[in-house]
Structures are given as structure tokens and as C-alpha cells.
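Everything on this sheet refers to the single structure shown next.
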Amino acid sequence: MGRLATLSEEPINEQEKRSSSTKKWRNWNWIKTHFFHKKPDLKILLSVLACPLFPVPPHSKPQPPLNQLSSSAQYIIQHFTAATGCRNLHATVRNIFATGKVEMWVVDDVGNTGVSERGCFVIWQMLPDKWQIELVVAAQKVVAGSDGTVAWRHTPWIGAHAAKGGVRPLRRAVQGLDPLAVSAVFCEAQYMGEKEISGMDCFVLKLSADQKDLVDRSDNTAEMIKHVAFGYFSQKNGLLVHLEDSYLTRIQSPGTHPTYWETTMSTKIDDYRMVDGVMIAHAGHSSVMITRFGDNLKTGPAITRLEESWTIDDIAFNVQGLSMDCFIPPKELHKDYPQEDLDWRSPLHT
């Protein structure tokens, strides 16, 4: 297989896409002129909310038995697996299929919501690390997937492009949709104590992308400084009820001051229902705050807020006919591409 192309996240026009010499600078200029000085449009909502990846990959080793647990995080995850009933899924479940609906909108500076955009999605997942999502909002479709080796995404405005760094889970799967993914990513997390959130007493677990992965997801104009996630597990019922992740990127072109972009996504997870003996979250609400700051911003930090509500309509395990062929990346990812410094990562999405 040839080298996989890694492209920038921002929507750009066809002329920009063909111009390799100035592409990266135009991408950042597009963000500065369109994202913070004009009303964000559907492309921004889909770029940020459609199919973000989780900060860290899942751990492949199985959970130890209760009498061999060595950390508070492992105890919390054992309670989570017991509460969701997913303890025996490793041996019985080969794949997961889910459909759902989304509603996305922008929140302005005074807290008013703009016109919402509605859509639907379908997710296929073959355990442990193959997945694909198709999401359609206002006649615009975004498709993303992973064959276990590379994660990729296809949008109408960029086409197909691959992600830098290691293969990571789809964030939507970790939002209570796939209990196995939740336990696999959080089993080696750091215990941060207790906190009340949304009126519930929770145990807090923290995950951080390691330095190697941060370097792999950086280039000579954009440095990924951190990407962390926090999971809030109810002390009452053991379920994951809130998920938050935040990443900070430093952008600096030659001869300019650095600019910092921080994106935080916070998701309330609820409406757990039993599906074939497993508790699955069927609804949630995500809020995103994107902050741009730096010495060159005379008026202070620039902030944009996005929100999304989602519901799950149907979910099934072990769907017949789902094979490895369903997760093959688009053909254009198999071509030999020239060396690029661009990345499926921006201040808008990781």
C-alpha cells in the first residue's frame, strides 16, 4: 500500500485543493476569515461534531479479575462493566450496528441559538478496532471509518483524507453506545477523585494522549500540545454519565506570533436502556467551545460555541453479512501521494 495522504480539516475550494505550495497557509487563512468573522455554517458544524476521534486508543489486554485489581480506575471500570452487563460481550459479540438522529446548532455571543440542522447517522462496528459512520445533515454526507490500521474521513468539500497518529475509536462509540469501547479506553486511566456533575456524584477518570502520539499528530506549523479526556462514572449506578475532552494546538507561521486554539467538547450521556442484556445510552447532548487566543489578538480571545443533541433509534449485535470488506478505506487512500505536511486535524477537529 502506498503512502496515505493526510489532508487538512478545513473546508477549502477546489482551486486551493490543487495548489500544494500554498495549501496550508490558505487553510489557516480560511479559518481566520470565515470561522471567527462570519457566522459558522453547516461545514463548521459537520467538521467539528460529525465524527471526532477519541484522544487515546483502546487497551487490548483484558480486564483482570476482581481479586487482582491494582488501581481505583480498574475498580470503577469493573463496576461499569457489571452495571452495563457487557462483561461477557468479548466472547459473544462480533459486531455492532446502530442508527440515530442528530440536531446541531451554533450559539452566539449572548447565548441565542441559531437555526438548527437536523440529520441522521448509521454506525457499523466490528470489534475491536474496525468501524464506519455515515452521517447526513441537510443533504450533506460525511463518512468516516477505520480498518484497524488507518482512520479516514470523506467530506463533500475535501474528499477522502487519512488521520495522523495511531488508530483511535470514534468518540460517538465511547458516548455510552459501546460499553466495550468505554471499558477498553478507561481501564488504564488515572483516578482523579470525586465530583458532582449534573446533580450526580461521580468518580472521575482522566486519560491523556502520550507524547509520541502528540508528535505524530503535529507538523511544522501546528503543534498538538495536549489532548485529554475525562470520564464521569455515577457512584450510584456505575454508568458513564458525562464525557469531556479538550485539546490545545499551537499555530505559528514564519514571521508571526503564535496563536493557540483550544477546543473542549462536553457530553451529557443519558437514557440508558437494556438491549439484549446490555445497557446502552440512547440519548445525549454535546456542547463545544472553541477558543482562539494569543498575543496577536488585540481584542482578546475569540470564542465560538456549538451544540448537538443526539438519540439512538436502533441498535443490534452480530448483524449478519457484516464483513471485513465493509471497512476498506476509499480507493483514493491507496494511491501514492507526494509528501504533505497537512493533517486530518485542525483547531476545529481532532
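Residue numbering restarts at 1 for every chain of the C-alpha cells, chains are lettered A, B, ... in their displayed order, and ligands are numbered from 1 as they appear.
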Spatial neighbours of Leu243 (chain A), 12 Å, only C-alpha atoms, chain gap at least 3 places, as a PyMOL selection string: chain A and resi 54-55+171-176+182+186+197-198+202-207+228-234+239-240+246+264-270+284-288
Taking 4 positions as the minimum chain separation for residues in the same chain, which residues sit within 8 Å of region 72-75 of chain A when counting only C-alpha atoms? Answer as a compact mmCIF listing (two decimals) with N, CA and C atoms, in the first residue's frame.
# COMPACT_ATOMS: atom_id res chain seq x y z
N GLN A 63 -9.53 -7.12 31.09
CA GLN A 63 -9.57 -6.66 32.47
C GLN A 63 -9.23 -7.81 33.43
N LEU A 66 -11.64 -9.48 39.71
CA LEU A 66 -11.83 -8.54 40.82
C LEU A 66 -10.76 -8.67 41.89
N HIS A 79 -16.98 -1.98 37.91
CA HIS A 79 -18.36 -1.66 38.27
C HIS A 79 -19.15 -1.24 37.03
N PHE A 186 -10.76 3.29 29.16
CA PHE A 186 -10.63 3.85 30.51
C PHE A 186 -10.01 2.89 31.52
N CYS A 187 -9.72 1.65 31.15
CA CYS A 187 -9.23 0.69 32.13
C CYS A 187 -7.87 1.06 32.70
N GLU A 188 -7.07 1.82 31.95
CA GLU A 188 -5.76 2.24 32.44
C GLU A 188 -5.73 3.74 32.74
N ALA A 189 -6.88 4.33 33.01
CA ALA A 189 -6.97 5.77 33.25
C ALA A 189 -6.45 6.13 34.64
N GLN A 190 -6.28 7.41 34.85
CA GLN A 190 -5.84 7.95 36.14
C GLN A 190 -7.06 8.37 36.95
N TYR A 191 -7.15 7.90 38.18
CA TYR A 191 -8.26 8.27 39.05
C TYR A 191 -8.04 9.68 39.59
N LEU A 205 -12.34 9.79 35.97
CA LEU A 205 -11.15 9.17 35.40
C LEU A 205 -10.59 10.05 34.29
List as a tab-separated table (two decimals) with C-alpha atoms, in the first residue's frame the protein and nucleic acid residues near region 143-152 of chain A, meaning an atom at most 10 Å away when only C-alpha atoms are counted, but skip any in the same chain fewer than 5 places from it.
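Output contents, as saved in selection-v9.tsv:
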chain	number	residue	atom	x	y	z
A	4	LEU	CA	-1.60	7.60	2.80
A	5	ALA	CA	-2.42	11.23	2.17
A	6	THR	CA	-3.06	13.42	5.20
A	50	ALA	CA	-19.84	14.74	12.89
A	51	CYS	CA	-17.12	12.19	13.65
A	52	PRO	CA	-14.42	13.31	16.11
A	53	LEU	CA	-11.96	10.69	17.33
A	121	PHE	CA	-26.46	8.58	11.10
A	122	VAL	CA	-25.63	4.92	10.93
A	123	ILE	CA	-22.66	3.22	12.60
A	124	TRP	CA	-21.14	-0.18	11.91
A	125	GLN	CA	-18.51	-1.55	14.25
A	126	MET	CA	-16.55	-4.77	14.10
A	127	LEU	CA	-14.72	-5.44	17.33
A	128	PRO	CA	-12.21	-4.48	18.38
A	129	ASP	CA	-10.97	-1.65	16.14
A	130	LYS	CA	-12.90	-1.51	12.87
A	131	TRP	CA	-15.74	0.97	12.45
A	132	GLN	CA	-17.56	3.17	9.97
A	133	ILE	CA	-20.06	6.00	10.29
A	134	GLU	CA	-22.24	7.73	7.73
A	135	LEU	CA	-23.87	10.95	8.89
A	136	VAL	CA	-26.19	13.09	6.76
A	159	GLY	CA	-12.81	14.36	-0.33
A	160	ALA	CA	-11.13	11.40	1.35
A	161	HIS	CA	-8.29	12.02	3.79
A	162	ALA	CA	-6.48	9.98	6.42
A	163	ALA	CA	-5.74	10.72	10.07
A	164	LYS	CA	-2.28	11.10	11.53
A	165	GLY	CA	-1.26	9.22	14.64
A	166	GLY	CA	-2.45	5.85	15.84
A	167	VAL	CA	-5.91	4.44	15.17
A	168	ARG	CA	-8.38	5.65	17.78
A	169	PRO	CA	-12.04	4.91	18.49
A	170	LEU	CA	-14.90	7.01	17.21
A	324	MET	CA	-14.06	-7.03	6.67
A	325	ASP	CA	-14.82	-5.68	3.19
A	326	CYS	CA	-17.23	-3.19	4.74
A	327	PHE	CA	-14.30	-1.33	6.34
A	328	ILE	CA	-11.96	-0.98	3.36
A	329	PRO	CA	-10.86	2.70	3.01
A	330	PRO	CA	-11.78	4.66	-0.13
A	333	LEU	CA	-6.30	6.49	0.01
A	344	TRP	CA	-6.59	15.34	9.44
Kindly indicate which residue among A:Thr299, A:Phe317, A:Ser309, A:Pro258 lies nearest to Ile280 (chain A), using only C-alpha atoms for the distances. A:Phe317
Would you give me, as a PyMOL selection string, the residues in region 59-273 of chain A that DSSP reads as strand (DSSP E or B)? chain A and resi 95-107+113+117-126+130-137+140-147+151-155+159-162+170+190-197+200-208+222-234+240-251+259-273
What lies within 8 Å of Ile315 (chain A) using only C-alpha atoms, ignoring chain neighbours under 3 positions off, as a PyMOL selection string? chain A and resi 96-99+275+312
Could you write out that same residue set with N, CA and C atoms as an mmCIF file, in the first residue's frame?
data_model
loop_
_atom_site.group_PDB
_atom_site.id
_atom_site.type_symbol
_atom_site.label_atom_id
_atom_site.label_comp_id
_atom_site.auth_asym_id
_atom_site.auth_seq_id
_atom_site.Cartn_x
_atom_site.Cartn_y
_atom_site.Cartn_z
ATOM 1 N N ILE A 96 -21.397 -4.512 15.976
ATOM 2 C CA ILE A 96 -22.476 -3.673 16.490
ATOM 3 C C ILE A 96 -22.974 -2.789 15.356
ATOM 4 N N PHE A 97 -24.293 -2.637 15.295
ATOM 5 C CA PHE A 97 -24.917 -1.770 14.303
ATOM 6 C C PHE A 97 -25.862 -0.824 15.022
ATOM 7 N N ALA A 98 -25.823 0.469 14.672
ATOM 8 C CA ALA A 98 -26.689 1.441 15.338
ATOM 9 C C ALA A 98 -27.122 2.516 14.353
ATOM 10 N N THR A 99 -28.345 3.021 14.544
ATOM 11 C CA THR A 99 -28.836 4.169 13.795
ATOM 12 C C THR A 99 -29.336 5.211 14.778
ATOM 13 N N VAL A 275 -30.525 -3.543 25.948
ATOM 14 C CA VAL A 275 -30.596 -4.119 24.610
ATOM 15 C C VAL A 275 -29.898 -5.476 24.643
ATOM 16 N N ILE A 312 -30.429 7.598 19.829
ATOM 17 C CA ILE A 312 -30.243 6.306 19.164
ATOM 18 C C ILE A 312 -31.620 5.704 18.905
#
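Proximity of A:Leu306, A:Ala184, A:Ala222, A:Ile76 to Pro58 (chain A), computed with only C-alpha atoms, is greatest for A:Ala184.
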Go through region 147-246 of chain A and collect every residue that DSSP, computed from the backbone, puts in alpha helix (DSSP H); the answer should be as a VMD selection string. chain A and resid 171 to 172 179 to 186 211 to 216
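Closest approach to Thr304 (chain A) among A:Leu45, A:Ala281, A:Leu322, A:Val106: A:Val106, based on only C-alpha atoms.
Considering only C-alpha atoms, the residue among A:Glu307, A:Val142, A:Asp41, A:Ser323 positioned nearest to Pro156 (chain A) is A:Val142.
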